[in-house]
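The file query15.txt comes next; it holds compact mmCIF, N, CA and C atoms.
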# COMPACT_ATOMS: atom_id res chain seq x y z
N MET A 6 6.77 4.97 -1.31
CA MET A 6 5.40 4.76 -0.86
C MET A 6 4.51 5.72 -1.63
N LEU A 7 3.34 5.29 -1.96
CA LEU A 7 2.35 6.14 -2.60
C LEU A 7 1.16 6.32 -1.67
N TRP A 8 0.70 7.52 -1.57
CA TRP A 8 -0.51 7.81 -0.82
C TRP A 8 -1.57 8.13 -1.84
N ARG A 9 -2.62 7.39 -1.87
CA ARG A 9 -3.66 7.57 -2.88
C ARG A 9 -4.75 8.45 -2.34
N ARG A 10 -5.12 9.46 -3.09
CA ARG A 10 -6.20 10.35 -2.71
C ARG A 10 -7.11 10.59 -3.91
N ALA A 11 -8.30 10.06 -3.87
CA ALA A 11 -9.35 10.36 -4.84
C ALA A 11 -8.91 10.29 -6.30
N THR A 12 -8.12 9.32 -6.63
CA THR A 12 -7.75 9.13 -8.03
C THR A 12 -7.62 7.64 -8.32
N THR A 13 -7.87 7.29 -9.53
CA THR A 13 -7.65 5.90 -9.95
C THR A 13 -6.59 5.85 -11.03
N ASP A 14 -5.85 6.94 -11.20
CA ASP A 14 -4.79 7.02 -12.20
C ASP A 14 -3.46 6.69 -11.54
N PHE A 15 -2.94 5.52 -11.83
CA PHE A 15 -1.67 5.09 -11.27
C PHE A 15 -0.57 5.10 -12.33
N SER A 16 -0.75 5.90 -13.38
CA SER A 16 0.21 5.94 -14.48
C SER A 16 1.55 6.53 -14.06
N LEU A 17 1.59 7.21 -12.93
CA LEU A 17 2.85 7.74 -12.41
C LEU A 17 3.86 6.61 -12.19
N VAL A 18 3.37 5.44 -11.81
CA VAL A 18 4.24 4.30 -11.55
C VAL A 18 4.43 3.54 -12.86
N LYS A 19 5.66 3.47 -13.30
CA LYS A 19 5.97 2.83 -14.59
C LYS A 19 6.32 1.36 -14.39
N LEU A 20 5.45 0.66 -13.67
CA LEU A 20 5.59 -0.78 -13.43
C LEU A 20 4.23 -1.43 -13.67
N PRO A 21 4.20 -2.71 -13.97
CA PRO A 21 2.92 -3.41 -14.15
C PRO A 21 2.28 -3.71 -12.79
N ILE A 22 1.64 -2.70 -12.18
CA ILE A 22 1.15 -2.84 -10.81
C ILE A 22 -0.36 -2.91 -10.70
N VAL A 23 -1.09 -2.78 -11.81
CA VAL A 23 -2.54 -2.77 -11.72
C VAL A 23 -3.14 -4.03 -12.34
N ASP A 24 -4.31 -4.41 -11.81
CA ASP A 24 -5.02 -5.56 -12.36
C ASP A 24 -5.90 -5.12 -13.52
N ALA A 25 -6.73 -6.00 -14.02
CA ALA A 25 -7.59 -5.71 -15.17
C ALA A 25 -8.58 -4.58 -14.89
N ASP A 26 -8.89 -4.36 -13.63
CA ASP A 26 -9.81 -3.28 -13.25
C ASP A 26 -9.09 -1.98 -12.97
N GLY A 27 -7.77 -1.95 -13.08
CA GLY A 27 -7.01 -0.75 -12.84
C GLY A 27 -6.67 -0.51 -11.38
N TYR A 28 -6.91 -1.50 -10.54
CA TYR A 28 -6.64 -1.39 -9.11
C TYR A 28 -5.26 -1.98 -8.82
N PRO A 29 -4.46 -1.33 -7.98
CA PRO A 29 -3.11 -1.85 -7.69
C PRO A 29 -3.14 -3.27 -7.13
N ILE A 30 -2.22 -4.08 -7.60
CA ILE A 30 -2.06 -5.44 -7.11
C ILE A 30 -1.21 -5.35 -5.84
N GLN A 31 -1.83 -5.64 -4.71
CA GLN A 31 -1.17 -5.48 -3.43
C GLN A 31 -1.89 -6.32 -2.38
N LYS A 32 -1.23 -6.51 -1.27
CA LYS A 32 -1.85 -7.19 -0.13
C LYS A 32 -1.54 -6.33 1.09
N ARG A 33 -2.57 -5.72 1.63
CA ARG A 33 -2.45 -4.79 2.76
C ARG A 33 -1.49 -3.64 2.44
N GLY A 34 -1.45 -3.26 1.18
CA GLY A 34 -0.62 -2.14 0.75
C GLY A 34 0.75 -2.52 0.25
N VAL A 35 1.15 -3.77 0.44
CA VAL A 35 2.48 -4.24 0.03
C VAL A 35 2.39 -4.81 -1.38
N THR A 36 3.29 -4.33 -2.26
CA THR A 36 3.33 -4.85 -3.63
C THR A 36 4.50 -5.82 -3.77
N ASP A 37 4.63 -6.38 -4.95
CA ASP A 37 5.76 -7.28 -5.24
C ASP A 37 7.05 -6.51 -5.50
N TYR A 38 6.98 -5.18 -5.54
CA TYR A 38 8.13 -4.35 -5.84
C TYR A 38 8.65 -3.73 -4.55
N GLN A 39 9.88 -4.06 -4.19
CA GLN A 39 10.47 -3.57 -2.95
C GLN A 39 10.42 -2.05 -2.91
N GLY A 40 9.89 -1.52 -1.82
CA GLY A 40 9.82 -0.08 -1.63
C GLY A 40 8.58 0.58 -2.19
N LEU A 41 7.71 -0.18 -2.84
CA LEU A 41 6.48 0.38 -3.39
C LEU A 41 5.30 -0.11 -2.57
N TYR A 42 4.61 0.83 -1.95
CA TYR A 42 3.48 0.52 -1.07
C TYR A 42 2.32 1.46 -1.39
N PHE A 43 1.13 1.05 -1.01
CA PHE A 43 -0.05 1.90 -1.16
C PHE A 43 -0.70 2.08 0.19
N LEU A 44 -1.27 3.26 0.39
CA LEU A 44 -1.88 3.60 1.66
C LEU A 44 -3.00 4.60 1.41
N GLY A 45 -4.06 4.51 2.18
CA GLY A 45 -5.15 5.47 2.07
C GLY A 45 -6.18 5.14 1.02
N MET A 46 -6.17 3.91 0.55
CA MET A 46 -7.12 3.50 -0.48
C MET A 46 -8.33 2.83 0.17
N PRO A 47 -9.54 3.09 -0.35
CA PRO A 47 -10.71 2.42 0.19
C PRO A 47 -10.55 0.90 0.11
N TRP A 48 -10.91 0.23 1.16
CA TRP A 48 -10.88 -1.22 1.26
C TRP A 48 -9.48 -1.81 1.05
N LEU A 49 -8.45 -1.04 1.38
CA LEU A 49 -7.09 -1.59 1.29
C LEU A 49 -6.99 -2.83 2.16
N HIS A 50 -7.49 -2.70 3.37
CA HIS A 50 -7.56 -3.86 4.27
C HIS A 50 -8.93 -3.96 4.94
N SER A 51 -9.53 -2.82 5.20
CA SER A 51 -10.85 -2.80 5.85
C SER A 51 -11.67 -1.65 5.29
N GLN A 52 -12.89 -1.57 5.72
CA GLN A 52 -13.78 -0.50 5.28
C GLN A 52 -13.23 0.87 5.67
N ARG A 53 -12.51 0.92 6.77
CA ARG A 53 -11.98 2.19 7.28
C ARG A 53 -10.69 2.62 6.60
N SER A 54 -10.12 1.80 5.76
CA SER A 54 -8.81 2.08 5.17
C SER A 54 -8.73 3.40 4.42
N GLY A 55 -9.78 3.80 3.77
CA GLY A 55 -9.75 5.00 2.95
C GLY A 55 -10.12 6.27 3.66
N ILE A 56 -10.33 6.22 4.97
CA ILE A 56 -10.69 7.43 5.70
C ILE A 56 -9.64 7.76 6.75
N LEU A 57 -9.60 9.00 7.15
CA LEU A 57 -8.59 9.47 8.08
C LEU A 57 -8.58 8.67 9.38
N PHE A 58 -9.73 8.29 9.88
CA PHE A 58 -9.80 7.57 11.15
C PHE A 58 -9.42 6.09 11.04
N GLY A 59 -9.26 5.59 9.84
CA GLY A 59 -8.91 4.19 9.67
C GLY A 59 -7.54 3.95 9.08
N VAL A 60 -6.99 4.96 8.45
CA VAL A 60 -5.71 4.78 7.76
C VAL A 60 -4.57 4.49 8.73
N GLY A 61 -4.71 4.86 9.98
CA GLY A 61 -3.65 4.62 10.97
C GLY A 61 -3.34 3.15 11.15
N ASP A 62 -4.36 2.31 11.13
CA ASP A 62 -4.14 0.86 11.26
C ASP A 62 -3.31 0.33 10.10
N ASP A 63 -3.64 0.80 8.89
CA ASP A 63 -2.89 0.36 7.71
C ASP A 63 -1.47 0.92 7.75
N ALA A 64 -1.31 2.16 8.18
CA ALA A 64 0.02 2.77 8.28
C ALA A 64 0.89 2.01 9.28
N ALA A 65 0.31 1.61 10.40
CA ALA A 65 1.06 0.86 11.41
C ALA A 65 1.50 -0.49 10.85
N TYR A 66 0.63 -1.15 10.10
CA TYR A 66 0.99 -2.42 9.49
C TYR A 66 2.15 -2.24 8.52
N LEU A 67 2.05 -1.23 7.65
CA LEU A 67 3.12 -1.00 6.67
C LEU A 67 4.42 -0.63 7.37
N ALA A 68 4.36 0.19 8.41
CA ALA A 68 5.58 0.56 9.14
C ALA A 68 6.25 -0.67 9.74
N ALA A 69 5.46 -1.57 10.32
CA ALA A 69 6.02 -2.80 10.89
C ALA A 69 6.61 -3.68 9.80
N HIS A 70 5.93 -3.77 8.66
CA HIS A 70 6.43 -4.56 7.54
C HIS A 70 7.77 -4.02 7.05
N ILE A 71 7.86 -2.71 6.88
CA ILE A 71 9.08 -2.08 6.40
C ILE A 71 10.21 -2.25 7.42
N ALA A 72 9.92 -2.07 8.70
CA ALA A 72 10.93 -2.23 9.74
C ALA A 72 11.46 -3.66 9.78
N ALA A 73 10.56 -4.64 9.64
CA ALA A 73 10.98 -6.04 9.65
C ALA A 73 11.84 -6.35 8.43
N ARG A 74 11.47 -5.80 7.30
CA ARG A 74 12.25 -6.00 6.08
C ARG A 74 13.64 -5.38 6.24
N ASP A 75 13.69 -4.17 6.78
CA ASP A 75 14.97 -3.48 6.97
C ASP A 75 15.85 -4.25 7.94
N GLU A 76 15.27 -4.82 8.98
CA GLU A 76 16.05 -5.58 9.96
C GLU A 76 16.65 -6.81 9.30
N ARG A 77 15.90 -7.48 8.44
CA ARG A 77 16.41 -8.65 7.73
C ARG A 77 17.57 -8.26 6.83
N VAL A 78 17.47 -7.10 6.19
CA VAL A 78 18.52 -6.64 5.28
C VAL A 78 19.80 -6.32 6.05
N LEU A 79 19.66 -5.77 7.25
CA LEU A 79 20.83 -5.36 8.03
C LEU A 79 21.59 -6.52 8.63
N ARG A 80 20.99 -7.68 8.70
CA ARG A 80 21.66 -8.85 9.29
C ARG A 80 22.69 -9.43 8.39
In structure tokens, what does this structure look like?
Amino acid sequence: MLWRRATTDFSLVKLPIVDADGYPIQKRGVTDYQGLYFLGMPWLHSQRSGILFGVGDDAAYLAAHIAARDERVLR
């Protein structure tokens, strides 16, 4: 998981994860790469996504997504 804070440099990730504008390709923080997620980015899902008081909603969504994925794998 990546937590983004005040940077637009995603060069740490050596995968084709950004669009033409340099923004990560994701849906509600979930990428096409298993285990790679984004959190804390402005407008990730809502206006509140990039602030401390709003990131909890996005974190809860990602936690549920990861738990559901893990449950499918364990079956």
How would you write, as JSON, numbers by chain, the set of residues in chain A that DSSP gives as strand (DSSP E)?
{"A": [7, 8, 43, 44]}
Can you list every residue in chain A that DSSP puts in alpha helix (DSSP H), as a ChimeraX atom specification?
/A:60-79
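From atom N of Thr13 (chain A) back to atom C of Asp62 (chain A), the distance works out to 21.3 Å.
Considering the residues A:Ile22, A:Ala64, A:Leu49, A:Ala69 and counting all atoms listed in the file, Asp37 (chain A) has its shortest atom-to-atom contact with A:Ile22.
Taking atom C of Gly45 (chain A) as the reference point, atom N of Ser16 (chain A) is found at 15.4 Å.
Distance-wise, CA of Ala25 (chain A) and CA of Gly55 (chain A) end up 21.2 Å apart.
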